[in-house]
Structure formats: structure tokens, C-alpha cells
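Worksheet: the structure to be examined is printed underneath.
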Amino acid sequence: MELGTGDVLFREGDIATTGFLVEAGELEIAISINGKPIVLSHLRAGDILGEMAVFDGEPRSATATALTPCVLFAIDRTQISDRLAKADPIIRALLEGQVKRYRGAIRAIRGVGRGEPVEQGSSSEISAGDKFRLETHLREALAGEGLDVRYQPIMHVASGRIAGYEALIRWNHSERGHVSPLEFVGLAEESGLIVQLGEYVFDTACRAVQRFIASGVEPKPFVAVNVSARQLEHPGLIERVVARVEAAAVPRGSLKVEITESRALDHALVKVAIDLCHRHGIGVALDDFGTGFSHLTQMHLLEFDTLKVDQAFSRSMLTGPRSMAIVEAIVRMAKALGAEIVVEGIETEEMLQALRRMGCDYAQGYLIGKPQTLDELLSAH
């Protein structure tokens, strides 16, 4: 769009649906106090204006007037909101905080709420600051091996013996206490620390396998480590995993990878990862099958060695005929495909007996055992 000298692009109080990119010319941004204009800034080619009101849905806070003939490119609400939704959560929170500070500064200039404190910050700013601090502490914990890995047993149903363990990362923060894995693993994915976090767990798991072997535990258990879809997007991840396994000189089959679905899986990436793992004797499981982005196309295209049935089905399988039918169907399908089955969330003997009747391979849950430290597990043998 084009403006002539003196044309008003928008006024204070207007409803905002569009931001603008200045392609040519100069505009003045001003607010009115007691009928007198106060100039806030002059904008020229390359500057963006009007976007703040689109961000927060508030009326325009200033008036934009063309000082020279101008050429503007309109940016509609959808373009802005789509990009904002896809932005890094911390960057989005910082941007929202910046908009709030701008609004507060304008109110202060106008004298609105004189005698009352101008709003400083927001919950989103606090959240962003907290995330920055937590990210810094997570980096320090990774560097100083301050994270804890617990091992939850997985039982071979037919024999009743513990066949392996799932490695579960835990963080006991010095100030905040226990931090939920959902929180800090999600933060690791946002910040790019997820690769370093995953390698930390793999290194710890390799050492655990070595200690199981040295202690004479029989049968020699495997250790399964979670890998998220986000981790698989980082080039060379599986190659580094393989290098760690080979450097640790652990037996083939003693380490397994569980691919979790924090987002839709890229079939091509997953297939490459599975093929590489198989060439080096590393089994691959699809975790939480039946929830998230799981679908049968993956079973057709991707040769998972194991399917892990989510506890959302197992917890209600004794009281819900549909849940039982789903678990039974998954077990039959896995057997037909030559894959093993692990059912999670097993908490009672009745649930375990149901798995035996189905011919299920493995069970995991509090009945089998809670996550423990490696020292606790070894002291029990």
C-alpha cells in the first residue's frame, strides 16, 4: 500500500488486525497527551510497525503518520500469529514481556494510574526468566554429572525373571528439589540440550551394563534408553550412540533404544536409525505404542524389534473390555510381525496373569519394580 505525505496509517485506539513493513519513506509514531503530540520515534525502510497491537490484541497505542510518501507491505494477523506460535517458547515469552513493558511505559508517559505502580513484568516474563535459570542449571548439572539415572525393571513374563531395565533420567535440583522429567526434558528439547542429555544417559547406561556384567548378575540384563523424535533430527546421533556402545565394549544386545514420540516421526530418519542400530546389535523399540502419533504405517515400514504398550490401555484392561481387546490385538499383531511386546503400567497380580494368558513377552510397572539407583539394584543381588 502507499501513503502520501501527511496520511495517517492508523490512530491511537484503533483495533489492530495488521502490522506493516516500511519499504520506502518515513513515518512518525506519536501519542497524544492533553491534546499535544509527543513523538516516540521515526521509522524508515526496513522497520516494522503496528505489530505489537497484533501480538497482544490491544488497541493501537500510538498514531502513525507519513512524513514523506511511503510504500508499506501489510503483514496480516495470521502471518504474525503463525510465526509466533512456532517460535521458541523462551523467545515468545521474552517478546510478550517486551510488549507489556512497552504498554507500561506508554501508560507511565500518559500518567495513567498516577500514584500507582506501573506494572513491571508479567507471568510470561517470570516464566522466561525461570527457564533461563533452569537451562543454565541444567547445563551445569550435565557438565558436573549432577543428574541421576534410575533403572526400572522389565520382567520376562513366562520365566518371571528380570530381563532388563529402562534407564530413566531424574534431577534433584539443589534449590527446587525434584524437577519433573516432563519439565526439564521439554526444556532440553527447546534449548538444544536434548542431544547432550541423551548422550549423558547413554554413557551412564553403558557403565551400568559394565557393572551388571562385573557383578555376575544372571541373566545378563539389557538397558533400554529413550530417544525422542527431536533427538533423531540431530545429524549423527545414532552414530555417536554406536560409538559409545562400542567404546564401552558391552555385549551385543545389552543396550536398546526406545524411540518416543514427542512429535510425529520422520519415517526416513527412523528407518536409517533402525538399520544402523541393527547392524551394531542394538535393538529398537517403539515406546508408548497406541498413543501419540503411533499408527500402523510405522509397523509396515519400520522394523521395530519391540512394541511398548502404553499404560493408558493396561491400567483399564481388567475393567474395560475395549482396553483388553486393544491390548490383545496389539500382542497378536506384534507376534505376527515377529516383534516382542512390553506392556507398561502393570501394578497387580491380576494384570500380570492377564499378560501370561495373552502370551505377552515382557511386563513393566510398579508390581515388577519401581525405578531404583544402580547401587540399590546391585546390593539386592
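Simple scheme: letters A, B, ... for chains in C-alpha cells order, numbers from 1 for residues in each chain, numbers from 1 for ligands in the order shown.
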
Polymer residues at most 7 Å from A:Asp88, only C-alpha atoms, same-chain spacing of 3 or more positions, as an NGL selection string: :A and (91-92 or 190)

Output C-alpha atoms for every residue in the selection just made, as a short mmCIF file (atom, residue, chain, number, x, y, z; two decimals), in the first residue's frame.
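The file below, selection.cif, is the result:
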data_model
loop_
_atom_site.label_atom_id
_atom_site.label_comp_id
_atom_site.auth_asym_id
_atom_site.auth_seq_id
_atom_site.Cartn_x
_atom_site.Cartn_y
_atom_site.Cartn_z
CA ILE A 91 11.81 -16.15 22.71
CA ARG A 92 8.00 -15.93 22.60
CA GLU A 190 13.63 -26.40 23.38
#

Nearby residues (only C-alpha atoms) at most 7 Å from stretch 39-52 of chain A, same-chain spacing under 3 positions excluded, as a short mmCIF file (atom, residue, chain, number, x, y, z; two decimals) with N, CA and C atoms, in the first residue's frame:
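Ended up saving to out-v4.cif:
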data_model
loop_
_atom_site.label_atom_id
_atom_site.label_comp_id
_atom_site.auth_asym_id
_atom_site.auth_seq_id
_atom_site.Cartn_x
_atom_site.Cartn_y
_atom_site.Cartn_z
N THR A 18 -3.46 -5.77 11.58
CA THR A 18 -2.37 -5.85 10.61
C THR A 18 -1.13 -5.11 11.12
N GLY A 19 0.03 -5.69 10.85
CA GLY A 19 1.29 -4.99 11.04
C GLY A 19 1.80 -4.53 9.68
N PHE A 20 2.86 -3.72 9.67
CA PHE A 20 3.34 -3.17 8.41
C PHE A 20 4.87 -3.16 8.36
N LEU A 21 5.39 -3.45 7.19
CA LEU A 21 6.81 -3.31 6.90
C LEU A 21 7.00 -2.08 6.02
N VAL A 22 7.88 -1.17 6.47
CA VAL A 22 8.15 0.03 5.68
C VAL A 22 9.13 -0.33 4.56
N GLU A 23 8.68 -0.19 3.33
CA GLU A 23 9.54 -0.47 2.18
C GLU A 23 10.21 0.79 1.65
N ALA A 24 9.56 1.93 1.84
CA ALA A 24 10.15 3.21 1.41
C ALA A 24 9.44 4.33 2.15
N GLY A 25 10.16 5.44 2.38
CA GLY A 25 9.57 6.59 3.04
C GLY A 25 9.86 6.63 4.53
N GLU A 26 9.19 7.59 5.22
CA GLU A 26 9.42 7.80 6.65
C GLU A 26 8.09 8.08 7.34
N LEU A 27 7.88 7.45 8.51
CA LEU A 27 6.67 7.66 9.29
C LEU A 27 7.03 8.15 10.68
N GLU A 28 6.11 8.90 11.29
CA GLU A 28 6.27 9.37 12.65
C GLU A 28 5.29 8.63 13.56
N ILE A 29 5.78 8.13 14.70
CA ILE A 29 4.95 7.45 15.68
C ILE A 29 4.82 8.39 16.87
N ALA A 30 3.58 8.75 17.21
CA ALA A 30 3.36 9.73 18.27
C ALA A 30 2.13 9.35 19.10
N ILE A 31 2.16 9.81 20.36
CA ILE A 31 0.99 9.68 21.23
C ILE A 31 0.51 11.08 21.59
N PHE A 55 0.14 -8.56 18.35
CA PHE A 55 0.61 -9.57 19.29
C PHE A 55 -0.35 -9.75 20.46
N ASP A 56 -0.70 -8.62 21.10
CA ASP A 56 -1.45 -8.76 22.36
C ASP A 56 -2.95 -8.48 22.24
N VAL A 99 6.46 -6.48 24.92
CA VAL A 99 5.24 -5.76 24.58
C VAL A 99 4.59 -5.19 25.84
#

- [ ] Considering only C-alpha atoms, return as an MDAnalysis selection string whatever protein or nucleic-acid residues lie within 12 Å of A:Arg279, sequence-local ones (same chain, fewer than 3 positions apart) excluded.
- [x] chainID A and resid 238:239 242 252:253 272:276 282:284

Considering only C-alpha atoms, return as JSON, numbers by chain whatever protein or nucleic-acid residues lie within 9 Å of A:Gly345, sequence-local ones (same chain, fewer than 5 positions apart) excluded. {"A": [309, 310, 311, 312, 313, 314, 315, 363, 364, 365, 366, 367]}

Write down as a ChimeraX atom specification the residues belonging to stretch 14-237 of chain A that are assigned helix (DSSP H, G or I) by DSSP computed on the backbone.
/A:51-56,77-86,89-110,123-143,181-191,194-215,229-232,237

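Straight-line separation from atom CA of A:Leu318 to atom CA of A:Glu347: 11.6 Å.
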
Students should find that atom CA of A:Thr319 and atom CA of A:Ile341 are spaced 21.2 Å

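Shortest atom-to-atom contact with A:Asn172 among A:His278, A:Lys256, A:His137, A:Lys335: A:His137, counting only C-alpha atoms.
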